[in-house]
$ cat start-v3.cif   # mmCIF, C-alpha atoms
data_start
#
loop_
_atom_site.label_atom_id
_atom_site.label_comp_id
_atom_site.auth_asym_id
_atom_site.auth_seq_id
_atom_site.Cartn_x
_atom_site.Cartn_y
_atom_site.Cartn_z
CA MET E 64 38.35 49.76 66.80
CA ASN E 65 35.55 50.44 64.34
CA ASN E 66 34.37 53.90 63.39
CA ILE E 67 30.72 52.96 63.86
CA SER E 68 31.23 52.50 67.59
CA GLN E 69 33.23 55.72 67.85
CA ASP E 70 30.55 57.64 65.96
CA LEU E 71 27.76 56.08 68.01
CA LEU E 72 29.40 56.93 71.33
CA ALA E 73 30.12 60.51 70.23
CA GLN E 74 26.52 60.95 69.07
CA LEU E 75 25.06 59.42 72.25
CA LYS E 76 27.18 61.76 74.38
CA GLY E 77 26.22 64.66 72.11
CA ASN E 78 22.58 63.89 72.87
CA GLY E 79 23.21 64.03 76.61
CA ALA E 80 24.06 60.44 77.58
CA ASP E 81 26.54 60.50 80.44
CA PHE E 82 26.03 57.14 82.15
CA PHE E 83 26.33 53.68 80.60
CA ALA E 84 25.86 50.12 81.81
CA SER E 85 26.55 47.08 79.64
CA VAL E 86 26.61 43.33 79.44
CA PRO E 87 29.09 41.59 77.12
CA CYS E 88 28.28 41.04 73.44
CA LYS E 89 30.49 40.37 70.42
CA LEU E 90 28.77 42.99 68.24
CA LEU E 91 29.03 45.59 71.00
CA GLY E 92 32.62 44.77 71.94
CA ASP E 93 34.20 47.87 70.38
CA LEU E 94 31.58 50.16 71.93
CA ILE E 95 32.07 48.55 75.34
CA ASN E 96 35.85 48.96 75.08
CA LEU E 97 35.38 52.64 74.22
CA LEU E 98 33.10 53.11 77.22
CA ALA E 99 35.59 51.48 79.53
CA ALA E 100 38.32 53.86 78.32
CA ASP E 101 36.22 57.06 78.28
CA ASP E 102 36.75 59.22 81.37
CA SER E 103 34.07 61.71 80.28
CA VAL E 104 31.23 59.30 81.11
CA GLU E 105 30.42 56.98 83.97
CA TYR E 106 30.47 53.34 82.91
CA VAL E 107 29.44 50.25 84.86
CA PRO E 108 29.84 46.74 83.40
CA VAL E 109 27.17 44.40 84.74
CA THR E 110 26.61 40.66 84.58
CA LYS E 111 22.85 40.63 83.99
CA GLU E 112 20.47 42.90 82.12
CA GLU E 113 18.19 43.30 85.15
CA GLU E 114 21.17 44.52 87.15
CA GLY E 115 21.94 47.01 84.39
CA LEU E 116 18.42 48.40 84.43
CA GLY E 117 18.59 48.81 88.17
CA VAL E 118 21.94 50.61 87.94
CA CYS E 119 20.57 52.84 85.16
CA ALA E 120 17.48 53.61 87.26
CA GLY E 121 19.68 54.69 90.16
CA ALA E 122 21.83 56.78 87.82
CA TYR E 123 18.74 58.54 86.45
CA LEU E 124 17.45 59.26 89.95
CA GLY E 125 20.90 60.66 90.72
CA GLY E 126 20.66 63.14 87.84
CA LYS E 127 22.36 61.16 85.06
CA THR E 128 21.13 60.34 81.54
CA PRO E 129 21.53 56.55 81.31
CA VAL E 130 22.04 54.17 78.41
CA MET E 131 21.84 50.38 78.78
CA VAL E 132 24.03 48.53 76.24
CA MET E 133 22.95 44.93 75.77
CA GLN E 134 22.26 42.04 73.43
CA ASN E 135 18.69 41.21 72.42
CA THR E 136 18.89 37.76 73.98
CA GLY E 137 18.63 39.62 77.29
CA VAL E 138 15.20 40.98 76.36
CA GLY E 139 13.64 37.75 77.62
CA THR E 140 15.21 38.15 81.05
CA ILE E 141 14.64 41.89 81.40
CA LEU E 142 10.87 42.06 80.81
CA SER E 143 9.72 41.89 84.43
CA THR E 144 12.24 44.49 85.59
CA LEU E 145 11.44 46.64 82.59
CA GLY E 146 7.75 46.64 83.48
CA SER E 147 7.95 46.92 87.26
CA LEU E 148 10.80 49.43 87.34
CA GLY E 149 11.47 51.20 84.05
CA LEU E 150 7.92 51.58 82.80
CA PHE E 151 6.10 51.80 86.12
CA TYR E 152 8.34 54.60 87.36
CA SER E 153 8.59 56.33 83.94
CA LEU E 154 12.37 56.09 83.74
CA PRO E 155 13.88 57.43 80.50
CA ILE E 156 16.51 54.77 79.88
CA THR E 157 17.81 54.34 76.34
CA MET E 158 18.57 50.73 75.48
CA ILE E 159 21.15 50.15 72.74
CA ILE E 160 20.56 46.53 71.77
CA SER E 161 22.59 44.42 69.37
CA HIS E 162 20.10 42.48 67.29
CA ARG E 163 21.51 38.98 67.29
CA GLY E 164 19.51 36.52 65.22
CA SER E 165 19.03 39.09 62.46
CA PRO E 166 20.23 38.32 58.92
CA GLY E 167 23.96 37.64 59.06
CA GLU E 168 23.72 35.62 62.28
CA LYS E 169 25.80 32.45 62.24
CA ILE E 170 24.48 30.94 65.49
CA GLY E 171 21.09 29.28 65.11
CA ALA E 172 20.29 29.49 68.83
CA GLN E 173 20.21 33.30 68.51
CA ILE E 174 17.35 33.26 65.95
CA PRO E 175 14.34 32.73 68.29
CA MET E 176 15.06 35.81 70.42
CA GLY E 177 16.14 37.67 67.32
CA VAL E 178 12.61 37.21 65.99
CA ALA E 179 10.86 37.79 69.32
CA ALA E 180 12.78 40.79 70.73
CA LYS E 181 10.94 43.61 68.96
CA PRO E 182 7.42 42.22 69.47
CA LEU E 183 8.17 41.54 73.16
CA LEU E 184 9.41 45.08 73.74
CA GLU E 185 6.48 46.57 71.85
CA THR E 186 4.00 44.42 73.80
CA MET E 187 5.48 45.89 76.97
CA GLY E 188 4.86 49.38 75.60
CA VAL E 189 8.51 50.21 74.95
CA PRO E 190 8.99 52.33 71.82
CA THR E 191 11.30 50.14 69.73
CA PHE E 192 13.18 51.19 66.62
CA SER E 193 15.23 49.00 64.26
CA PHE E 194 18.35 50.22 62.48
CA SER E 195 20.17 48.44 59.64
CA ASP E 196 22.57 51.07 58.35
CA SER E 197 25.46 52.77 60.10
CA SER E 198 24.45 56.02 58.39
CA GLN E 199 21.59 56.03 60.93
CA VAL E 200 23.91 56.60 63.92
CA ALA E 201 22.52 60.10 64.53
CA GLN E 202 18.96 58.74 64.54
CA VAL E 203 19.93 56.06 67.06
CA ALA E 204 21.48 58.70 69.33
CA GLN E 205 18.35 60.88 69.12
CA LEU E 206 16.58 58.19 71.13
CA VAL E 207 18.33 59.58 74.22
CA SER E 208 16.25 62.73 73.84
CA HIS E 209 13.19 60.70 72.83
CA ALA E 210 13.35 58.73 76.08
CA GLN E 211 13.45 62.01 78.02
CA VAL E 212 10.39 63.37 76.19
CA ALA E 213 8.48 60.08 76.38
CA GLN E 214 9.47 59.59 80.03
CA LYS E 215 9.93 55.87 79.51
CA PRO E 216 12.52 53.38 78.34
CA VAL E 217 13.11 53.25 74.59
CA ALA E 218 14.97 50.61 72.58
CA ALA E 219 17.19 50.66 69.50
CA LEU E 220 17.76 47.30 67.81
CA LEU E 221 21.00 47.45 65.82
CA ASP E 222 21.37 44.51 63.45
CA PHE E 223 24.38 42.92 61.76
CA ASN E 224 24.15 45.28 58.77
CA PHE E 225 24.31 48.30 61.09
CA TRP E 226 27.60 47.02 62.48
CA GLY E 227 28.92 46.08 59.03
CA GLN E 228 28.99 42.41 59.99
CA ALA E 229 26.46 40.86 57.57
#
$ encode --input "start-v3.cif" --output "structure tokens"
Amino acid sequence: MNNISQDLLAQLKGNGADFFASVPCKLLGDLINLLAADDSVEYVPVTKEEEGLGVCAGAYLGGKTPVMVMQNTGVGTILSTLGSLGLFYSLPITMIISHRGSPGEKIGAQIPMGVAAKPLLETMGVPTFSFSDSSQVAQVAQLVSHAQVAQKPVAALLDFNFWGQA
């Protein structure tokens, strides 16, 4: 278990996050395992990013502070749901997104969405922040509060360097 994931989860919870949904991802594996074992938060594993956004929307409407944990390749599939649900209804969902296709990536097929993820999110009007250093964990976690103030989804792209994988 890596300390980055432990620190990130502690900081997210410290900023009010109490509900998490996730899809599988190698870079997020430790964080996902921590979520599954943490009885102090509600955690729902999902099979598709759209499903995760829907579950997070329901959690928010039920009084929770949701975080969607996903890989950036899912940005392409989530855009319609993000616009018609998350943005339209002003849902403060924090998206913690592993930035596959960033420097350090070993799978060429990940590169196109790695390049496109941030511009796609920004085109949709989602405040999107990139992080390359694990010392920025507290800044990533502050996005939970930022989503609440902005009253919209916000995204954190965490690249290979952030996870110490480059």
$ resolve_selection --input "start-v3.cif" --expression "the PyMOL selection byres ((chain E and resi 76) around 12)" --output "ChimeraX atom specification"
/E:69-75,77-83,98,101,103-105,127-130,201,203-208
$ resolve_selection --input "start-v3.cif" --expression "the PyMOL selection byres ((chain E and resi 95) around 10)" --output "list in words"
Ser68, Leu72, Phe83, Ala84, Ser85, Val86, Pro87, Cys88, Lys89, Leu90, Leu91, Gly92, Asp93, Leu94, Asn96, Leu97, Leu98, Ala99, Ala100, Asp101, Tyr106, Pro108, Val132 and Met133 of chain E
$ write_last_selection --input "start-v3.cif" --atoms "C-alpha atoms" --output "short mmCIF file (atom, residue, chain, number, x, y, z; two decimals), keeping the file's coordinate frame"
data_model
loop_
_atom_site.label_atom_id
_atom_site.label_comp_id
_atom_site.auth_asym_id
_atom_site.auth_seq_id
_atom_site.Cartn_x
_atom_site.Cartn_y
_atom_site.Cartn_z
CA SER E 68 31.23 52.50 67.59
CA LEU E 72 29.40 56.93 71.33
CA PHE E 83 26.33 53.68 80.60
CA ALA E 84 25.86 50.12 81.81
CA SER E 85 26.55 47.08 79.64
CA VAL E 86 26.61 43.33 79.44
CA PRO E 87 29.09 41.59 77.12
CA CYS E 88 28.28 41.04 73.44
CA LYS E 89 30.49 40.37 70.42
CA LEU E 90 28.77 42.99 68.24
CA LEU E 91 29.03 45.59 71.00
CA GLY E 92 32.62 44.77 71.94
CA ASP E 93 34.20 47.87 70.38
CA LEU E 94 31.58 50.16 71.93
CA ASN E 96 35.85 48.96 75.08
CA LEU E 97 35.38 52.64 74.22
CA LEU E 98 33.10 53.11 77.22
CA ALA E 99 35.59 51.48 79.53
CA ALA E 100 38.32 53.86 78.32
CA ASP E 101 36.22 57.06 78.28
CA TYR E 106 30.47 53.34 82.91
CA PRO E 108 29.84 46.74 83.40
CA VAL E 132 24.03 48.53 76.24
CA MET E 133 22.95 44.93 75.77
#
$ atom_distance --input "start-v3.cif" --atom1 "atom CA of Leu124 of chain E" --atom2 "atom CA of Pro155 of chain E"
10.3 Å
$ atom_distance --input "start-v3.cif" --atom1 "atom CA of Thr191 of chain E" --atom2 "atom CA of Val217 of chain E"
6.0 Å
$ atom_distance --input "start-v3.cif" --atom1 "atom CA of Asn224 of chain E" --atom2 "atom CA of Val212 of chain E"
28.6 Å
$ resolve_selection --input "start-v3.cif" --expression "the PyMOL selection byres ((chain E and resi 225) around 8)" --output "MDAnalysis selection string"
chainID E and resid 194:197 221:224 226:228
$ closest_residue --input "start-v3.cif" --among "E:Ala180, E:Leu154, E:Ala120, E:Ile174" --to "Ser193 of chain E" --atoms "only C-alpha atoms"
E:Ala180
$ closest_residue --input "start-v3.cif" --among "E:Ala213, E:Met158, E:Leu148, E:Val107" --to "Leu184 of chain E" --atoms "all atoms listed in the file"
E:Met158
$ closest_residue --input "start-v3.cif" --among "E:Ile160, E:Ala218, E:Ile67, E:Val178" --to "Gly137 of chain E" --atoms "only C-alpha atoms"
E:Ile160
$ closest_residue --input "start-v3.cif" --among "E:Asp102, E:Ile159, E:Thr136, E:Tyr152" --to "Gln173 of chain E" --atoms "all atoms listed in the file"
E:Thr136
$ closest_residue --input "start-v3.cif" --among "E:Val189, E:Gly167, E:Ala210, E:Asn66" --to "Val138 of chain E" --atoms "all atoms listed in the file"
E:Val189
$ closest_residue --input "start-v3.cif" --among "E:Gly188, E:Gly171, E:Pro216, E:Gly164" --to "Met131 of chain E" --atoms "only C-alpha atoms"
E:Pro216
$ decode --input "start-v3.cif" --residues "segment 140-156 of chain E" --atoms "N, CA and C atoms" --output "mmCIF file, in the first residue's frame"
data_model
loop_
_atom_site.group_PDB
_atom_site.id
_atom_site.type_symbol
_atom_site.label_atom_id
_atom_site.label_comp_id
_atom_site.auth_asym_id
_atom_site.auth_seq_id
_atom_site.Cartn_x
_atom_site.Cartn_y
_atom_site.Cartn_z
ATOM 1 N N THR E 140 -16.326 8.818 -22.382
ATOM 2 C CA THR E 140 -17.645 8.204 -22.234
ATOM 3 C C THR E 140 -18.550 8.948 -21.255
ATOM 4 N N ILE E 141 -17.984 9.826 -20.465
ATOM 5 C CA ILE E 141 -18.739 10.473 -19.395
ATOM 6 C C ILE E 141 -19.296 11.849 -19.797
ATOM 7 N N LEU E 142 -18.865 12.376 -20.934
ATOM 8 C CA LEU E 142 -19.186 13.763 -21.284
ATOM 9 C C LEU E 142 -20.677 14.063 -21.340
ATOM 10 N N SER E 143 -21.464 13.227 -21.949
ATOM 11 C CA SER E 143 -22.899 13.486 -22.051
ATOM 12 C C SER E 143 -23.548 13.497 -20.670
ATOM 13 N N THR E 144 -23.225 12.518 -19.846
ATOM 14 C CA THR E 144 -23.776 12.454 -18.492
ATOM 15 C C THR E 144 -23.279 13.620 -17.652
ATOM 16 N N LEU E 145 -22.035 13.981 -17.847
ATOM 17 C CA LEU E 145 -21.476 15.118 -17.122
ATOM 18 C C LEU E 145 -22.251 16.395 -17.436
ATOM 19 N N GLY E 146 -22.543 16.606 -18.718
ATOM 20 C CA GLY E 146 -23.283 17.802 -19.111
ATOM 21 C C GLY E 146 -24.743 17.777 -18.709
ATOM 22 N N SER E 147 -25.425 16.675 -18.990
ATOM 23 C CA SER E 147 -26.875 16.628 -18.768
ATOM 24 C C SER E 147 -27.268 16.348 -17.326
ATOM 25 N N LEU E 148 -26.328 15.891 -16.512
ATOM 26 C CA LEU E 148 -26.627 15.609 -15.109
ATOM 27 C C LEU E 148 -25.785 16.499 -14.195
ATOM 28 N N GLY E 149 -24.485 16.287 -14.204
ATOM 29 C CA GLY E 149 -23.612 16.991 -13.269
ATOM 30 C C GLY E 149 -23.618 18.493 -13.418
ATOM 31 N N LEU E 150 -23.445 18.974 -14.643
ATOM 32 C CA LEU E 150 -23.396 20.418 -14.864
ATOM 33 C C LEU E 150 -24.783 21.039 -14.870
ATOM 34 N N PHE E 151 -25.726 20.404 -15.549
ATOM 35 C CA PHE E 151 -27.068 20.970 -15.652
ATOM 36 C C PHE E 151 -27.713 21.155 -14.283
ATOM 37 N N TYR E 152 -27.515 20.165 -13.410
ATOM 38 C CA TYR E 152 -28.128 20.231 -12.086
ATOM 39 C C TYR E 152 -27.179 20.770 -11.003
ATOM 40 N N SER E 153 -26.048 21.332 -11.426
ATOM 41 C CA SER E 153 -25.092 21.975 -10.499
ATOM 42 C C SER E 153 -24.693 21.063 -9.342
ATOM 43 N N LEU E 154 -24.243 19.873 -9.677
ATOM 44 C CA LEU E 154 -23.881 18.877 -8.663
ATOM 45 C C LEU E 154 -22.383 18.953 -8.344
ATOM 46 N N PRO E 155 -22.037 19.245 -7.101
ATOM 47 C CA PRO E 155 -20.624 19.354 -6.724
ATOM 48 C C PRO E 155 -19.978 17.988 -6.501
ATOM 49 N N ILE E 156 -19.566 17.379 -7.591
ATOM 50 C CA ILE E 156 -18.918 16.070 -7.553
ATOM 51 C C ILE E 156 -17.442 16.269 -7.870
#
